[in-house]
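> Dropping a structure here in structure tokens format, bear with me for questions.
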Amino acid sequence: MFAKTGNGCIFQEHAPWRVLLKTNPYIMKILIDNYVGVLKKYAVFEGTASRQEYWLFFAVNFVVGLVLGIIPIVDMIYALAVLLPGLAVAARRLRDAGFSPWWLLLLLTGIGLLVVLIMCALPGKRQAA
């Protein structure tokens with residue numbers, strides 16, 4: 001179950017993420033393609049974004065934020081770098097769910113994050129049809 005690497009580190013050989021990547025090798029490609037796709041449209045506030053596009057970007061940002069959190073200055077630089085793409089994909093997602101992107105102003109309040117996340121989780125016009 002646990003194996004020792006050449007440098008003496010012990011890791012779990014059958015960790016869930018390793019099993020997931022072995023059973024579906026396209027998961028990393030999907031994650032990277034969605035993440036890079038959002039970054040390429042970093043200032044595009046028009047149009048729509050699917051739930052998959054929004055939530056995969058959100059998930060990758062969350063994981064990267066956790067990893068970079070051990071070095072606060074690097075984490076802050078990363079957060080500033082993905083702020084505009086994150087707002088853009090959220091605006092497109094809200095528009096797809098049938099809401100105005102102006103609802104993003106709720107993020108300035110304490111409870112606004114929860115409200116915006118719920119709104120982004122709702123099915124969009126394309127998914128509901």
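For the structure tokens, the naming scheme is as follows: chains receive sequential letters (A, B, ...) according to their order of presentation, residues are indexed from 1 within each chain, and ligands are indexed from 1 in presentation order.
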Can you pull out the residues contacting Val89 of chain A? Cut-off 10 Å, using only C-alpha atoms, and skip same-chain residues under 4 positions away; I want them as a PyMOL selection string.
chain A and resi 38-39+41-50+53-55+57-58+84-85+93-95
> Please provide as a PyMOL selection string all residues within 10 Å of segment 98-107 of chain A, with the sequence filter that same-chain residues fewer than 2 positions apart are discarded (counting only C-alpha atoms).
chain A and resi 45-46+48+87-88+90-96+109-117+119-120+122-125
> Could you please take those selected residues and save N, CA and C atoms as a PDB file, in the first residue's frame?

```pdb
ATOM      1  N   PHE A  45     -16.129  39.368 -20.845  1.00  0.00           N
ATOM      2  CA  PHE A  45     -17.264  39.357 -19.931  1.00  0.00           C
ATOM      3  C   PHE A  45     -18.570  39.095 -20.675  1.00  0.00           C
ATOM      4  N   GLU A  46     -18.529  39.038 -22.002  1.00  0.00           N
ATOM      5  CA  GLU A  46     -19.725  38.773 -22.797  1.00  0.00           C
ATOM      6  C   GLU A  46     -19.804  37.289 -23.120  1.00  0.00           C
ATOM      7  N   THR A  48     -21.456  33.347 -22.639  1.00  0.00           N
ATOM      8  CA  THR A  48     -21.845  32.469 -21.536  1.00  0.00           C
ATOM      9  C   THR A  48     -20.725  31.479 -21.237  1.00  0.00           C
ATOM     10  N   LEU A  87     -13.379  36.689 -12.363  1.00  0.00           N
ATOM     11  CA  LEU A  87     -14.562  37.543 -12.469  1.00  0.00           C
ATOM     12  C   LEU A  87     -15.220  37.398 -13.837  1.00  0.00           C
ATOM     13  N   ALA A  88     -14.398  37.283 -14.883  1.00  0.00           N
ATOM     14  CA  ALA A  88     -14.946  37.151 -16.233  1.00  0.00           C
ATOM     15  C   ALA A  88     -15.730  35.849 -16.393  1.00  0.00           C
ATOM     16  N   ALA A  90     -17.077  34.080 -14.028  1.00  0.00           N
ATOM     17  CA  ALA A  90     -18.260  34.152 -13.164  1.00  0.00           C
ATOM     18  C   ALA A  90     -19.351  34.988 -13.822  1.00  0.00           C
ATOM     19  N   ALA A  91     -18.980  36.090 -14.479  1.00  0.00           N
ATOM     20  CA  ALA A  91     -19.967  36.917 -15.178  1.00  0.00           C
ATOM     21  C   ALA A  91     -20.617  36.134 -16.313  1.00  0.00           C
ATOM     22  N   ARG A  92     -19.802  35.395 -17.065  1.00  0.00           N
ATOM     23  CA  ARG A  92     -20.359  34.581 -18.162  1.00  0.00           C
ATOM     24  C   ARG A  92     -21.250  33.472 -17.620  1.00  0.00           C
ATOM     25  N   ARG A  93     -20.852  32.882 -16.483  1.00  0.00           N
ATOM     26  CA  ARG A  93     -21.658  31.808 -15.873  1.00  0.00           C
ATOM     27  C   ARG A  93     -22.997  32.347 -15.377  1.00  0.00           C
ATOM     28  N   LEU A  94     -22.984  33.506 -14.731  1.00  0.00           N
ATOM     29  CA  LEU A  94     -24.235  34.097 -14.255  1.00  0.00           C
ATOM     30  C   LEU A  94     -25.153  34.413 -15.429  1.00  0.00           C
ATOM     31  N   ARG A  95     -24.594  34.925 -16.515  1.00  0.00           N
ATOM     32  CA  ARG A  95     -25.408  35.222 -17.690  1.00  0.00           C
ATOM     33  C   ARG A  95     -26.030  33.929 -18.248  1.00  0.00           C
ATOM     34  N   ASP A  96     -25.271  32.845 -18.256  1.00  0.00           N
ATOM     35  CA  ASP A  96     -25.804  31.568 -18.742  1.00  0.00           C
ATOM     36  C   ASP A  96     -26.910  31.041 -17.837  1.00  0.00           C
ATOM     37  N   THR A 109     -19.962  41.971  -0.236  1.00  0.00           N
ATOM     38  CA  THR A 109     -20.577  41.759   1.077  1.00  0.00           C
ATOM     39  C   THR A 109     -20.089  40.432   1.640  1.00  0.00           C
ATOM     40  N   GLY A 110     -20.354  40.173   2.883  1.00  0.00           N
ATOM     41  CA  GLY A 110     -19.911  38.928   3.508  1.00  0.00           C
ATOM     42  C   GLY A 110     -20.652  37.704   2.994  1.00  0.00           C
ATOM     43  N   ILE A 111     -21.965  37.789   2.889  1.00  0.00           N
ATOM     44  CA  ILE A 111     -22.780  36.635   2.498  1.00  0.00           C
ATOM     45  C   ILE A 111     -22.853  36.483   0.974  1.00  0.00           C
ATOM     46  N   GLY A 112     -22.364  37.473   0.253  1.00  0.00           N
ATOM     47  CA  GLY A 112     -22.475  37.479  -1.202  1.00  0.00           C
ATOM     48  C   GLY A 112     -21.812  36.307  -1.887  1.00  0.00           C
ATOM     49  N   LEU A 113     -20.694  35.825  -1.348  1.00  0.00           N
ATOM     50  CA  LEU A 113     -19.993  34.702  -1.967  1.00  0.00           C
ATOM     51  C   LEU A 113     -20.887  33.472  -2.039  1.00  0.00           C
ATOM     52  N   LEU A 114     -21.579  33.172  -0.963  1.00  0.00           N
ATOM     53  CA  LEU A 114     -22.469  32.013  -0.939  1.00  0.00           C
ATOM     54  C   LEU A 114     -23.603  32.171  -1.947  1.00  0.00           C
ATOM     55  N   VAL A 115     -24.174  33.353  -2.023  1.00  0.00           N
ATOM     56  CA  VAL A 115     -25.277  33.610  -2.953  1.00  0.00           C
ATOM     57  C   VAL A 115     -24.798  33.442  -4.392  1.00  0.00           C
ATOM     58  N   VAL A 116     -23.649  34.011  -4.734  1.00  0.00           N
ATOM     59  CA  VAL A 116     -23.120  33.916  -6.094  1.00  0.00           C
ATOM     60  C   VAL A 116     -22.775  32.471  -6.436  1.00  0.00           C
ATOM     61  N   LEU A 117     -22.203  31.720  -5.495  1.00  0.00           N
ATOM     62  CA  LEU A 117     -21.884  30.313  -5.762  1.00  0.00           C
ATOM     63  C   LEU A 117     -23.146  29.497  -6.028  1.00  0.00           C
ATOM     64  N   MET A 119     -25.967  30.704  -7.246  1.00  0.00           N
ATOM     65  CA  MET A 119     -26.462  31.127  -8.552  1.00  0.00           C
ATOM     66  C   MET A 119     -25.659  30.482  -9.680  1.00  0.00           C
ATOM     67  N   CYS A 120     -24.362  30.336  -9.487  1.00  0.00           N
ATOM     68  CA  CYS A 120     -23.510  29.715 -10.508  1.00  0.00           C
ATOM     69  C   CYS A 120     -23.745  28.210 -10.601  1.00  0.00           C
ATOM     70  N   LEU A 122     -26.697  26.792 -10.506  1.00  0.00           N
ATOM     71  CA  LEU A 122     -27.968  26.522 -11.176  1.00  0.00           C
ATOM     72  C   LEU A 122     -27.734  26.173 -12.641  1.00  0.00           C
ATOM     73  N   PRO A 123     -28.592  25.317 -13.206  1.00  0.00           N
ATOM     74  CA  PRO A 123     -28.409  24.965 -14.614  1.00  0.00           C
ATOM     75  C   PRO A 123     -28.603  26.185 -15.507  1.00  0.00           C
ATOM     76  N   GLY A 124     -27.851  26.216 -16.576  1.00  0.00           N
ATOM     77  CA  GLY A 124     -27.939  27.329 -17.516  1.00  0.00           C
ATOM     78  C   GLY A 124     -29.036  27.115 -18.532  1.00  0.00           C
ATOM     79  N   LYS A 125     -29.180  28.102 -19.392  1.00  0.00           N
ATOM     80  CA  LYS A 125     -30.194  28.030 -20.429  1.00  0.00           C
ATOM     81  C   LYS A 125     -29.936  26.852 -21.353  1.00  0.00           C
TER      82      LYS A 125
END
```
> Rank A:Leu108, A:Tyr26, A:Asn34, A:Ile73 by their smallest atom-to-atom distance to Arg51 of chain A, using only C-alpha atoms, and report the top residue only.
A:Asn34
> Need the shell around Phe62 of chain A: protein/DNA/RNA residues with any atom at most 12 Å away, counting only C-alpha atoms. Skip same-chain ones fewer than 5 positions apart. Format as a list in words?
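My reading of the contact set: Trp55, Leu56, Phe57, Val67, Leu68, Gly69, Asp75, Tyr78, Ala79, Val82 and Gly86 of chain A.
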